[in-house]
file structure.cif (mmCIF, C-alpha atoms and all ligand atoms; chains and numbers go by the auth columns)
data_protein
loop_
_atom_site.group_PDB
_atom_site.id
_atom_site.type_symbol
_atom_site.label_atom_id
_atom_site.label_comp_id
_atom_site.label_asym_id
_atom_site.label_seq_id
_atom_site.Cartn_x
_atom_site.Cartn_y
_atom_site.Cartn_z
_atom_site.B_iso_or_equiv
_atom_site.auth_seq_id
_atom_site.auth_asym_id
ATOM 1 C CA MET A 1 -26.825 -25.109 13.352 0.00 1 A
ATOM 2 C CA SER A 2 -24.857 -26.259 16.322 0.00 2 A
ATOM 3 C CA GLN A 3 -24.221 -23.652 19.012 0.00 3 A
ATOM 4 C CA ASN A 4 -20.486 -23.902 18.840 0.00 4 A
ATOM 5 C CA ILE A 5 -20.295 -23.110 15.146 0.00 5 A
ATOM 6 C CA LYS A 6 -19.682 -19.483 14.237 0.00 6 A
ATOM 7 C CA VAL A 7 -20.142 -17.883 10.838 0.00 7 A
ATOM 8 C CA THR A 8 -18.302 -14.629 10.417 0.00 8 A
ATOM 9 C CA ARG A 9 -16.275 -12.528 8.009 0.00 9 A
ATOM 10 C CA ALA A 10 -12.522 -12.706 8.361 0.00 10 A
ATOM 11 C CA PHE A 11 -9.372 -11.342 6.776 0.00 11 A
ATOM 12 C CA ILE A 12 -6.455 -13.710 6.336 0.00 12 A
ATOM 13 C CA LEU A 13 -3.445 -12.147 8.066 0.00 13 A
ATOM 14 C CA ARG A 14 -1.158 -15.144 7.622 0.00 14 A
ATOM 15 C CA THR A 15 -1.114 -18.789 6.584 0.00 15 A
ATOM 16 C CA VAL A 16 1.469 -21.283 7.826 0.00 16 A
ATOM 17 C CA ASP A 17 1.822 -24.892 6.659 0.00 17 A
ATOM 18 C CA TYR A 18 1.175 -27.414 9.403 0.00 18 A
ATOM 19 C CA ARG A 19 1.935 -31.138 9.392 0.00 19 A
ATOM 20 C CA ASP A 20 1.631 -32.848 6.000 0.00 20 A
ATOM 21 C CA SER A 21 -1.692 -31.607 4.794 0.00 21 A
ATOM 22 C CA ASP A 22 -2.982 -28.807 7.012 0.00 22 A
ATOM 23 C CA ARG A 23 -2.613 -25.077 7.214 0.00 23 A
ATOM 24 C CA ILE A 24 -2.853 -22.783 10.221 0.00 24 A
ATOM 25 C CA LEU A 25 -4.453 -19.421 9.569 0.00 25 A
ATOM 26 C CA THR A 26 -4.268 -16.192 11.491 0.00 26 A
ATOM 27 C CA LEU A 27 -7.598 -14.448 10.898 0.00 27 A
ATOM 28 C CA PHE A 28 -8.967 -11.065 11.855 0.00 28 A
ATOM 29 C CA THR A 29 -12.697 -10.992 12.529 0.00 29 A
ATOM 30 C CA ARG A 30 -15.018 -8.183 13.572 0.00 30 A
ATOM 31 C CA GLU A 31 -16.633 -10.044 16.473 0.00 31 A
ATOM 32 C CA MET A 32 -13.633 -11.880 17.942 0.00 32 A
ATOM 33 C CA GLY A 33 -10.624 -9.871 16.827 0.00 33 A
ATOM 34 C CA LYS A 34 -7.540 -11.862 15.896 0.00 34 A
ATOM 35 C CA ILE A 35 -7.965 -15.635 16.053 0.00 35 A
ATOM 36 C CA SER A 36 -6.174 -18.770 14.887 0.00 36 A
ATOM 37 C CA ALA A 37 -7.864 -21.507 12.908 0.00 37 A
ATOM 38 C CA ILE A 38 -6.671 -24.795 11.530 0.00 38 A
ATOM 39 C CA ALA A 39 -7.662 -25.671 7.967 0.00 39 A
ATOM 40 C CA ARG A 40 -7.493 -29.445 7.736 0.00 40 A
ATOM 41 C CA TRP A 41 -6.552 -30.949 4.353 0.00 41 A
ATOM 42 C CA ALA A 42 -6.050 -27.446 2.969 0.00 42 A
ATOM 43 C CA ARG A 43 -2.785 -28.482 1.340 0.00 43 A
ATOM 44 C CA SER A 44 -3.531 -32.048 0.308 0.00 44 A
ATOM 45 C CA SER A 45 -6.867 -31.253 -1.352 0.00 45 A
ATOM 46 C CA LYS A 46 -7.075 -28.182 -3.589 0.00 46 A
ATOM 47 C CA LYS A 47 -10.830 -28.581 -3.733 0.00 47 A
ATOM 48 C CA ARG A 48 -11.224 -28.530 0.039 0.00 48 A
ATOM 49 C CA PHE A 49 -11.351 -24.700 0.303 0.00 49 A
ATOM 50 C CA GLY A 50 -11.496 -23.899 -3.408 0.00 50 A
ATOM 51 C CA GLY A 51 -8.410 -21.665 -3.452 0.00 51 A
ATOM 52 C CA ALA A 52 -9.989 -19.221 -0.957 0.00 52 A
ATOM 53 C CA LEU A 53 -7.141 -19.355 1.560 0.00 53 A
ATOM 54 C CA GLU A 54 -4.917 -16.737 -0.013 0.00 54 A
ATOM 55 C CA PRO A 55 -3.184 -13.894 1.861 0.00 55 A
ATOM 56 C CA PHE A 56 -5.207 -10.649 2.132 0.00 56 A
ATOM 57 C CA ALA A 57 -8.484 -12.352 1.155 0.00 57 A
ATOM 58 C CA LEU A 58 -11.728 -11.451 2.875 0.00 58 A
ATOM 59 C CA LEU A 59 -13.697 -14.615 3.582 0.00 59 A
ATOM 60 C CA GLU A 60 -16.926 -15.735 5.074 0.00 60 A
ATOM 61 C CA VAL A 61 -15.864 -18.531 7.369 0.00 61 A
ATOM 62 C CA SER A 62 -17.665 -21.182 9.336 0.00 62 A
ATOM 63 C CA LEU A 63 -15.683 -22.013 12.472 0.00 63 A
ATOM 64 C CA GLY A 64 -16.008 -24.804 14.994 0.00 64 A
ATOM 65 C CA ARG A 65 -13.992 -25.890 17.972 0.00 65 A
ATOM 66 C CA GLY A 66 -11.447 -28.596 17.217 0.00 66 A
ATOM 67 C CA ARG A 67 -10.897 -31.396 19.680 0.00 67 A
ATOM 68 C CA GLY A 68 -7.647 -30.969 21.551 0.00 68 A
ATOM 69 C CA HIS A 69 -7.239 -27.406 20.283 0.00 69 A
ATOM 70 C CA GLU A 70 -8.791 -25.166 22.932 0.00 70 A
ATOM 71 C CA LYS A 71 -6.998 -22.122 21.642 0.00 71 A
ATOM 72 C CA MET A 72 -7.662 -22.776 17.988 0.00 72 A
ATOM 73 C CA PHE A 73 -10.768 -22.862 15.836 0.00 73 A
ATOM 74 C CA LEU A 74 -11.400 -25.471 13.209 0.00 74 A
ATOM 75 C CA LEU A 75 -12.150 -24.033 9.773 0.00 75 A
ATOM 76 C CA ASN A 76 -15.197 -25.876 8.460 0.00 76 A
ATOM 77 C CA GLU A 77 -15.894 -23.782 5.391 0.00 77 A
ATOM 78 C CA ALA A 78 -14.485 -20.703 3.689 0.00 78 A
ATOM 79 C CA LEU A 79 -16.215 -18.656 1.003 0.00 79 A
ATOM 80 C CA LEU A 80 -14.305 -15.984 -0.834 0.00 80 A
ATOM 81 C CA VAL A 81 -15.960 -12.563 -0.381 0.00 81 A
ATOM 82 C CA ASP A 82 -13.164 -10.457 -1.915 0.00 82 A
ATOM 83 C CA SER A 83 -9.742 -11.642 -3.065 0.00 83 A
ATOM 84 C CA HIS A 84 -8.671 -8.031 -3.804 0.00 84 A
ATOM 85 C CA PRO A 85 -7.477 -8.883 -7.348 0.00 85 A
ATOM 86 C CA GLY A 86 -6.252 -5.286 -7.858 0.00 86 A
ATOM 87 C CA LEU A 87 -3.354 -6.062 -5.503 0.00 87 A
ATOM 88 C CA ALA A 88 -1.747 -8.274 -8.127 0.00 88 A
ATOM 89 C CA THR A 89 -1.221 -5.305 -10.438 0.00 89 A
ATOM 90 C CA ASP A 90 1.958 -4.101 -8.749 0.00 90 A
ATOM 91 C CA LEU A 91 4.489 -4.858 -6.045 0.00 91 A
ATOM 92 C CA ASP A 92 3.889 -1.575 -4.214 0.00 92 A
ATOM 93 C CA ARG A 93 0.294 -2.589 -3.584 0.00 93 A
ATOM 94 C CA ILE A 94 1.221 -6.072 -2.385 0.00 94 A
ATOM 95 C CA GLY A 95 4.043 -4.688 -0.230 0.00 95 A
ATOM 96 C CA SER A 96 1.752 -2.072 1.321 0.00 96 A
ATOM 97 C CA ALA A 97 -0.934 -4.663 2.078 0.00 97 A
ATOM 98 C CA ALA A 98 1.741 -6.885 3.635 0.00 98 A
ATOM 99 C CA LEU A 99 3.021 -4.032 5.789 0.00 99 A
ATOM 100 C CA VAL A 100 -0.383 -3.142 7.228 0.00 100 A
ATOM 101 C CA THR A 101 -1.640 -6.711 7.780 0.00 101 A
ATOM 102 C CA GLU A 102 1.645 -7.686 9.418 0.00 102 A
ATOM 103 C CA LEU A 103 1.413 -4.730 11.797 0.00 103 A
ATOM 104 C CA VAL A 104 -2.148 -5.742 12.754 0.00 104 A
ATOM 105 C CA ARG A 105 -0.977 -9.316 13.299 0.00 105 A
ATOM 106 C CA GLU A 106 1.999 -8.287 15.425 0.00 106 A
ATOM 107 C CA LEU A 107 0.255 -5.686 17.577 0.00 107 A
ATOM 108 C CA THR A 108 -3.218 -7.064 18.264 0.00 108 A
ATOM 109 C CA PRO A 109 -3.820 -9.557 21.068 0.00 109 A
ATOM 110 C CA GLU A 110 -5.724 -12.789 20.292 0.00 110 A
ATOM 111 C CA ASN A 111 -9.452 -13.014 21.006 0.00 111 A
ATOM 112 C CA ASP A 112 -9.793 -9.302 21.751 0.00 112 A
ATOM 113 C CA PRO A 113 -12.449 -7.794 19.469 0.00 113 A
ATOM 114 C CA ASP A 114 -11.849 -4.366 17.962 0.00 114 A
ATOM 115 C CA PRO A 115 -14.498 -3.575 15.321 0.00 115 A
ATOM 116 C CA ARG A 116 -12.646 -0.342 14.409 0.00 116 A
ATOM 117 C CA MET A 117 -9.643 -2.404 13.376 0.00 117 A
ATOM 118 C CA PHE A 118 -11.751 -4.725 11.214 0.00 118 A
ATOM 119 C CA ASP A 119 -13.452 -1.736 9.540 0.00 119 A
ATOM 120 C CA LEU A 120 -10.062 -0.103 8.995 0.00 120 A
ATOM 121 C CA LEU A 121 -8.739 -3.279 7.340 0.00 121 A
ATOM 122 C CA ARG A 122 -11.873 -3.443 5.179 0.00 122 A
ATOM 123 C CA GLU A 123 -11.430 0.143 3.991 0.00 123 A
ATOM 124 C CA PHE A 124 -7.671 -0.126 3.582 0.00 124 A
ATOM 125 C CA MET A 125 -7.807 -3.388 1.617 0.00 125 A
ATOM 126 C CA SER A 126 -10.422 -2.065 -0.807 0.00 126 A
ATOM 127 C CA LEU A 127 -8.514 1.215 -1.323 0.00 127 A
ATOM 128 C CA VAL A 128 -5.088 -0.405 -1.697 0.00 128 A
ATOM 129 C CA SER A 129 -6.440 -2.665 -4.451 0.00 129 A
ATOM 130 C CA ALA A 130 -8.500 0.065 -6.192 0.00 130 A
ATOM 131 C CA PRO A 131 -7.111 1.378 -9.512 0.00 131 A
ATOM 132 C CA LYS A 132 -8.202 4.958 -8.623 0.00 132 A
ATOM 133 C CA THR A 133 -5.862 5.094 -5.617 0.00 133 A
ATOM 134 C CA VAL A 134 -3.117 7.599 -6.403 0.00 134 A
ATOM 135 C CA SER A 135 -0.732 7.182 -3.486 0.00 135 A
ATOM 136 C CA VAL A 136 -0.491 3.564 -2.361 0.00 136 A
ATOM 137 C CA LYS A 137 2.407 4.332 -0.019 0.00 137 A
ATOM 138 C CA GLY A 138 0.704 7.401 1.469 0.00 138 A
ATOM 139 C CA LEU A 139 -2.379 5.279 2.085 0.00 139 A
ATOM 140 C CA ALA A 140 -0.326 2.540 3.772 0.00 140 A
ATOM 141 C CA LEU A 141 1.430 5.047 6.055 0.00 141 A
ATOM 142 C CA CYS A 142 -1.910 6.565 7.017 0.00 142 A
ATOM 143 C CA ALA A 143 -3.324 3.082 7.780 0.00 143 A
ATOM 144 C CA LYS A 144 -0.212 2.262 9.798 0.00 144 A
ATOM 145 C CA LEU A 145 -0.744 5.360 11.950 0.00 145 A
ATOM 146 C CA ARG A 146 -4.346 4.239 12.613 0.00 146 A
ATOM 147 C CA VAL A 147 -3.326 0.682 13.515 0.00 147 A
ATOM 148 C CA LEU A 148 -0.733 1.990 15.982 0.00 148 A
ATOM 149 C CA ALA A 149 -3.281 4.384 17.519 0.00 149 A
ATOM 150 C CA PHE A 150 -5.948 1.647 17.871 0.00 150 A
ATOM 151 C CA CYS A 151 -3.341 -0.504 19.629 0.00 151 A
ATOM 152 C CA GLY A 152 -2.653 2.243 22.159 0.00 152 A
ATOM 153 C CA VAL A 153 0.701 3.324 20.729 0.00 153 A
ATOM 154 C CA ALA A 154 -0.280 6.432 18.766 0.00 154 A
ATOM 155 C CA VAL A 155 2.565 8.343 17.121 0.00 155 A
ATOM 156 C CA GLY A 156 2.820 11.851 18.621 0.00 156 A
ATOM 157 C CA ILE A 157 2.292 14.192 15.670 0.00 157 A
ATOM 158 C CA GLY A 158 0.280 17.373 16.357 0.00 158 A
ATOM 159 C CA CYS A 159 2.090 18.405 19.556 0.00 159 A
ATOM 160 C CA CYS A 160 5.540 17.918 21.082 0.00 160 A
ATOM 161 C CA THR A 161 5.425 14.540 22.856 0.00 161 A
ATOM 162 C CA THR A 162 7.348 15.992 25.808 0.00 162 A
ATOM 163 C CA CYS A 163 5.862 19.458 26.550 0.00 163 A
ATOM 164 C CA GLY A 164 2.653 19.386 24.477 0.00 164 A
ATOM 165 C CA THR A 165 3.388 22.572 22.509 0.00 165 A
ATOM 166 C CA PRO A 166 1.527 22.452 19.152 0.00 166 A
ATOM 167 C CA VAL A 167 3.834 21.682 16.222 0.00 167 A
ATOM 168 C CA PRO A 168 3.952 24.779 13.933 0.00 168 A
ATOM 169 C CA ARG A 169 2.858 24.278 10.305 0.00 169 A
ATOM 170 C CA ASN A 170 5.296 24.544 7.394 0.00 170 A
ATOM 171 C CA LYS A 171 8.357 24.072 9.603 0.00 171 A
ATOM 172 C CA LYS A 172 10.923 21.307 9.875 0.00 172 A
ATOM 173 C CA ALA A 173 10.334 19.056 12.866 0.00 173 A
ATOM 174 C CA TYR A 174 12.428 16.667 14.930 0.00 174 A
ATOM 175 C CA PHE A 175 11.193 13.131 15.421 0.00 175 A
ATOM 176 C CA ASP A 176 12.328 10.872 18.243 0.00 176 A
ATOM 177 C CA PRO A 177 11.149 7.216 17.972 0.00 177 A
ATOM 178 C CA HIS A 178 12.151 6.576 21.613 0.00 178 A
ATOM 179 C CA ARG A 179 10.055 9.467 22.914 0.00 179 A
ATOM 180 C CA GLY A 180 7.090 8.535 20.719 0.00 180 A
ATOM 181 C CA GLY A 181 7.009 11.136 17.955 0.00 181 A
ATOM 182 C CA ILE A 182 7.731 14.786 17.308 0.00 182 A
ATOM 183 C CA VAL A 183 9.820 16.601 19.926 0.00 183 A
ATOM 184 C CA CYS A 184 10.313 20.386 19.828 0.00 184 A
ATOM 185 C CA THR A 185 13.774 22.003 19.874 0.00 185 A
ATOM 186 C CA PRO A 186 13.530 23.364 23.484 0.00 186 A
ATOM 187 C CA CYS A 187 12.780 19.764 24.589 0.00 187 A
ATOM 188 C CA GLY A 188 15.934 18.556 22.852 0.00 188 A
ATOM 189 C CA GLY A 189 14.616 17.599 19.396 0.00 189 A
ATOM 190 C CA GLY A 190 15.324 14.095 18.107 0.00 190 A
ATOM 191 C CA PRO A 191 17.622 12.037 15.871 0.00 191 A
ATOM 192 C CA ILE A 192 15.377 12.361 12.779 0.00 192 A
ATOM 193 C CA LEU A 193 14.813 15.724 11.116 0.00 193 A
ATOM 194 C CA LEU A 194 11.648 15.790 9.009 0.00 194 A
ATOM 195 C CA CYS A 195 11.520 18.437 6.259 0.00 195 A
ATOM 196 C CA ALA A 196 8.562 20.859 6.395 0.00 196 A
ATOM 197 C CA ASP A 197 6.716 18.942 3.640 0.00 197 A
ATOM 198 C CA ALA A 198 7.135 15.649 5.513 0.00 198 A
ATOM 199 C CA ALA A 199 5.947 17.190 8.797 0.00 199 A
ATOM 200 C CA ASN A 200 2.900 18.673 6.995 0.00 200 A
ATOM 201 C CA ALA A 201 2.132 15.362 5.232 0.00 201 A
ATOM 202 C CA LEU A 202 2.367 13.489 8.526 0.00 202 A
ATOM 203 C CA THR A 203 -0.158 15.926 10.065 0.00 203 A
ATOM 204 C CA LEU A 204 -2.484 15.363 7.089 0.00 204 A
ATOM 205 C CA MET A 205 -2.214 11.583 7.481 0.00 205 A
ATOM 206 C CA GLU A 206 -3.174 11.893 11.117 0.00 206 A
ATOM 207 C CA LYS A 207 -6.169 14.172 10.470 0.00 207 A
ATOM 208 C CA ARG A 208 -7.657 13.089 7.132 0.00 208 A
ATOM 209 C CA ASP A 209 -9.352 9.779 6.481 0.00 209 A
ATOM 210 C CA LEU A 210 -7.903 6.963 4.404 0.00 210 A
ATOM 211 C CA SER A 211 -9.981 7.641 1.301 0.00 211 A
ATOM 212 C CA ALA A 212 -8.937 11.331 1.255 0.00 212 A
ATOM 213 C CA ILE A 213 -5.252 10.394 1.616 0.00 213 A
ATOM 214 C CA SER A 214 -5.544 7.785 -1.156 0.00 214 A
ATOM 215 C CA THR A 215 -6.471 10.513 -3.687 0.00 215 A
ATOM 216 C CA MET A 216 -3.565 12.843 -2.808 0.00 216 A
ATOM 217 C CA THR A 217 -0.164 12.920 -4.431 0.00 217 A
ATOM 218 C CA PHE A 218 2.926 13.011 -2.256 0.00 218 A
ATOM 219 C CA ASP A 219 6.534 13.497 -3.173 0.00 219 A
ATOM 220 C CA ASP A 220 8.476 10.205 -3.021 0.00 220 A
ATOM 221 C CA ALA A 221 11.236 11.760 -0.891 0.00 221 A
ATOM 222 C CA VAL A 222 8.609 13.034 1.571 0.00 222 A
ATOM 223 C CA LEU A 223 7.031 9.586 1.846 0.00 223 A
ATOM 224 C CA ASP A 224 10.462 7.984 2.331 0.00 224 A
ATOM 225 C CA GLU A 225 11.193 10.335 5.253 0.00 225 A
ATOM 226 C CA ILE A 226 7.866 9.517 6.916 0.00 226 A
ATOM 227 C CA TYR A 227 8.224 5.809 6.170 0.00 227 A
ATOM 228 C CA SER A 228 11.638 5.709 7.812 0.00 228 A
ATOM 229 C CA ALA A 229 10.491 7.647 10.916 0.00 229 A
ATOM 230 C CA ILE A 230 7.364 5.476 11.401 0.00 230 A
ATOM 231 C CA SER A 231 9.363 2.262 10.812 0.00 231 A
ATOM 232 C CA LYS A 232 11.837 3.238 13.535 0.00 232 A
ATOM 233 C CA PHE A 233 8.945 4.099 15.846 0.00 233 A
ATOM 234 C CA THR A 234 7.338 0.705 15.104 0.00 234 A
ATOM 235 C CA GLU A 235 10.600 -1.191 15.678 0.00 235 A
ATOM 236 C CA GLN A 236 10.787 0.578 19.011 0.00 236 A
ATOM 237 C CA GLN A 237 7.281 -0.621 19.888 0.00 237 A
ATOM 238 C CA LEU A 238 7.816 -4.188 18.677 0.00 238 A
ATOM 239 C CA ASP A 239 11.486 -4.540 19.654 0.00 239 A
ATOM 240 C CA HIS A 240 12.174 -5.828 16.136 0.00 240 A
ATOM 241 C CA PRO A 241 11.659 -4.701 12.534 0.00 241 A
ATOM 242 C CA LEU A 242 8.736 -6.035 10.493 0.00 242 A
ATOM 243 C CA ARG A 243 9.547 -8.587 7.807 0.00 243 A
ATOM 244 C CA SER A 244 7.488 -6.809 5.166 0.00 244 A
ATOM 245 C CA SER A 245 9.571 -3.648 5.637 0.00 245 A
ATOM 246 C CA PHE A 246 12.570 -5.621 4.345 0.00 246 A
ATOM 247 C CA PHE A 247 10.407 -6.578 1.367 0.00 247 A
ATOM 248 C CA LEU A 248 9.490 -2.934 0.704 0.00 248 A
ATOM 249 C CA ASP A 249 13.103 -1.810 1.081 0.00 249 A
ATOM 250 C CA GLN A 250 14.100 -4.386 -1.513 0.00 250 A
ATOM 251 C CA VAL A 251 11.371 -3.259 -3.897 0.00 251 A
ATOM 252 C CA LYS A 252 12.675 0.304 -3.543 0.00 252 A
HETATM 253 ZN ZN ZN B . 8.532 20.257 23.685 0.00 301 B
#
call {"tool": "encode", "arguments": {"input": "structure.cif", "output": "structure tokens"}}
result
Amino acid sequence: MSQNIKVTRAFILRTVDYRDSDRILTLFTREMGKISAIARWARSSKKRFGGALEPFALLEVSLGRGRGHEKMFLLNEALLVDSHPGLATDLDRIGSAALVTELVRELTPENDPDPRMFDLLREFMSLVSAPKTVSVKGLALCAKLRVLAFCGVAVGIGCCTTCGTPVPRNKKAYFDPHRGGIVCTPCGGGPILLCADAANALTLMEKRDLSAISTMTFDDAVLDEIYSAISKFTEQQLDHPLRSSFFLDQVK
């Protein structure tokens, strides 16, 4: 095998049509982080990649360096490892997968490996497509909190983001997206008031792992409150809303 060919596992974060017959992929790999690759003839020949280049798929890819594309890999081969067929069962699952993969795509720099992020995607994608998962939205919010934290923009949850006082349990809490999370009343509170159940659920999502959260049931109104607070926080970080949040709002 030539030295400049890499074989690795990769999640498809996005595919964009390019020229008449090609497709440009945004991939997330364990060893290289987020990368771009061009899949030549992906659109003109269905057989070329055997239908493997679908959103959310986990692939084993063989990558080379394309001539004239220093920043982009050339996709030589793609084998489907997991297409996550369980996603197709409902729109909530697809919407949640879109939300998390889009956040990873928007927040991670290119060619900057973060194995934690790859492992998180692996766990999230298998849970979000598993029939046994009870709360798809709770799982997605929990994954979103992890992605933000791995990217250095953790949401302030356990303590007031201004004075550091621990947030009391079973109490309403103010949330300020501009100041990065929960802000206590003496520090001025914030524009979003989370009910006690939402504040408790947010604490759980920060502390418990994805698989534990996926088995819990949450009240829809509680999840909506958290979803709205985290979305505003994310918009603040990105300077614009995510496209998949429009999709989820429409599904709602
Ligand atoms: Zn405070």
call {"tool": "residues_around", "arguments": {"input": "structure.cif", "residues": "Asn4 of chain A", "least_positions_apart": "5", "cutoff": "12 Å", "atoms": "all atoms listed in the file", "output": "JSON list (two decimals) with C-alpha atoms, keeping the file's coordinate frame"}}
result
[["chain", "number", "residue", "atom", "x", "y", "z"],
["A", 62, "SER", "CA", -17.66, -21.18, 9.34],
["A", 63, "LEU", "CA", -15.68, -22.01, 12.47],
["A", 64, "GLY", "CA", -16.01, -24.80, 14.99],
["A", 65, "ARG", "CA", -13.99, -25.89, 17.97],
["A", 66, "GLY", "CA", -11.45, -28.60, 17.22],
["A", 73, "PHE", "CA", -10.77, -22.86, 15.84],
["A", 74, "LEU", "CA", -11.40, -25.47, 13.21],
["A", 76, "ASN", "CA", -15.20, -25.88, 8.46]]
call {"tool": "atom_distance", "arguments": {"input": "structure.cif", "atom1": "atom CA of Arg208 of chain A", "atom2": "atom CA of Leu27 of chain A"}}
result
27.8 Å
call {"tool": "closest_atom_pairs", "arguments": {"input": "structure.cif", "of": "chain A", "to": "ligand ZN 301 (chain B)", "cutoff": "12 Å", "atoms": "only C-alpha atoms and all ligand atoms", "output": "Markdown table"}}
result
| residue | atom | partner | partner_atom | distance |
| --- | --- | --- | --- | --- |
| A:Gly156 | CA | B:ZN301 | ZN | 11.4 |
| A:Ile157 | CA | B:ZN301 | ZN | 11.8 |
| A:Gly158 | CA | B:ZN301 | ZN | 11.4 |
| A:Cys159 | CA | B:ZN301 | ZN | 7.9 |
| A:Cys160 | CA | B:ZN301 | ZN | 4.6 |
| A:Thr161 | CA | B:ZN301 | ZN | 6.6 |
| A:Thr162 | CA | B:ZN301 | ZN | 4.9 |
| A:Cys163 | CA | B:ZN301 | ZN | 4.0 |
| A:Gly164 | CA | B:ZN301 | ZN | 6.0 |
| A:Thr165 | CA | B:ZN301 | ZN | 5.8 |
| A:Pro166 | CA | B:ZN301 | ZN | 8.6 |
| A:Val167 | CA | B:ZN301 | ZN | 8.9 |
| A:Pro168 | CA | B:ZN301 | ZN | 11.7 |
| A:Ala173 | CA | B:ZN301 | ZN | 11.0 |
| A:Tyr174 | CA | B:ZN301 | ZN | 10.2 |
| A:Phe175 | CA | B:ZN301 | ZN | 11.2 |
| A:Asp176 | CA | B:ZN301 | ZN | 11.5 |
| A:Arg179 | CA | B:ZN301 | ZN | 10.9 |
| A:Gly181 | CA | B:ZN301 | ZN | 10.9 |
| A:Ile182 | CA | B:ZN301 | ZN | 8.4 |
| A:Val183 | CA | B:ZN301 | ZN | 5.4 |
| A:Cys184 | CA | B:ZN301 | ZN | 4.3 |
| A:Thr185 | CA | B:ZN301 | ZN | 6.7 |
| A:Pro186 | CA | B:ZN301 | ZN | 5.9 |
| A:Cys187 | CA | B:ZN301 | ZN | 4.4 |
| A:Gly188 | CA | B:ZN301 | ZN | 7.6 |
| A:Gly189 | CA | B:ZN301 | ZN | 7.9 |
| A:Gly190 | CA | B:ZN301 | ZN | 10.7 |
call {"tool": "residues_near_point", "arguments": {"input": "structure.cif", "point": "(-12.1, -26.2, -0.2)", "cutoff": "12 Å", "atoms": "only C-alpha atoms", "output": "number ranges by chain"}}
result
A: 22, 39-54, 61, 75-80
call {"tool": "resolve_selection", "arguments": {"input": "structure.cif", "expression": "the PyMOL selection byres (((chain A and resi 34) around 9) and not hetatm)", "output": "MDAnalysis selection string"}}
result
chainID A and resid 13 26:30 32:33 35:36 104:105 108:114
call {"tool": "closest_atom_pairs", "arguments": {"input": "structure.cif", "of": "segment 42-118 of chain A", "to": "segment 133-137 of chain A", "cutoff": "10 Å", "atoms": "all atoms listed in the file", "output": "tab-separated table"}}
result
residue	atom	partner	partner_atom	distance
A:Asp92	CA	A:Val136	CA	7.0
A:Arg93	CA	A:Val136	CA	6.3
A:Ile94	CA	A:Val136	CA	9.8
A:Gly95	CA	A:Lys137	CA	9.2
A:Ser96	CA	A:Lys137	CA	6.6
A:Ala97	CA	A:Val136	CA	9.4
call {"tool": "atom_distance", "arguments": {"input": "structure.cif", "atom1": "atom CA of Thr8 of chain A", "atom2": "atom CA of Glu60 of chain A"}}
result
5.6 Å
call {"tool": "closest_residue", "arguments": {"input": "structure.cif", "among": "A:Arg116, A:Lys207, A:Arg67, A:Lys144", "to": "Ser231 of chain A", "atoms": "all atoms listed in the file"}}
result
A:Lys144
call {"tool": "resolve_selection", "arguments": {"input": "structure.cif", "expression": "the PyMOL selection byres (((chain A and resi 14-16) around 7) and not hetatm)", "output": "ChimeraX atom specification"}}
result
/A:12-13,17-18,23-26,55
call {"tool": "residues_around", "arguments": {"input": "structure.cif", "residues": "Phe233 of chain A", "least_positions_apart": "4", "cutoff": "10 Å", "atoms": "all atoms listed in the file", "output": "PyMOL selection string"}}
result
chain A and resi 148+153-155+175-181+227-229+237-239+241
call {"tool": "write_last_selection", "arguments": {"input": "structure.cif", "atoms": "C-alpha atoms", "output": "PDB file, in the frame of the given file"}}
result
ATOM      1  CA  LEU A 148      -0.733   1.990  15.982  1.00  0.00           C
ATOM      2  CA  VAL A 153       0.701   3.324  20.729  1.00  0.00           C
ATOM      3  CA  ALA A 154      -0.280   6.432  18.766  1.00  0.00           C
ATOM      4  CA  VAL A 155       2.565   8.343  17.121  1.00  0.00           C
ATOM      5  CA  PHE A 175      11.193  13.131  15.421  1.00  0.00           C
ATOM      6  CA  ASP A 176      12.328  10.872  18.243  1.00  0.00           C
ATOM      7  CA  PRO A 177      11.149   7.216  17.972  1.00  0.00           C
ATOM      8  CA  HIS A 178      12.151   6.576  21.613  1.00  0.00           C
ATOM      9  CA  ARG A 179      10.055   9.467  22.914  1.00  0.00           C
ATOM     10  CA  GLY A 180       7.090   8.535  20.719  1.00  0.00           C
ATOM     11  CA  GLY A 181       7.009  11.136  17.955  1.00  0.00           C
ATOM     12  CA  TYR A 227       8.224   5.809   6.170  1.00  0.00           C
ATOM     13  CA  SER A 228      11.638   5.709   7.812  1.00  0.00           C
ATOM     14  CA  ALA A 229      10.491   7.647  10.916  1.00  0.00           C
ATOM     15  CA  GLN A 237       7.281  -0.621  19.888  1.00  0.00           C
ATOM     16  CA  LEU A 238       7.816  -4.188  18.677  1.00  0.00           C
ATOM     17  CA  ASP A 239      11.486  -4.540  19.654  1.00  0.00           C
ATOM     18  CA  PRO A 241      11.659  -4.701  12.534  1.00  0.00           C
TER      19      PRO A 241
END
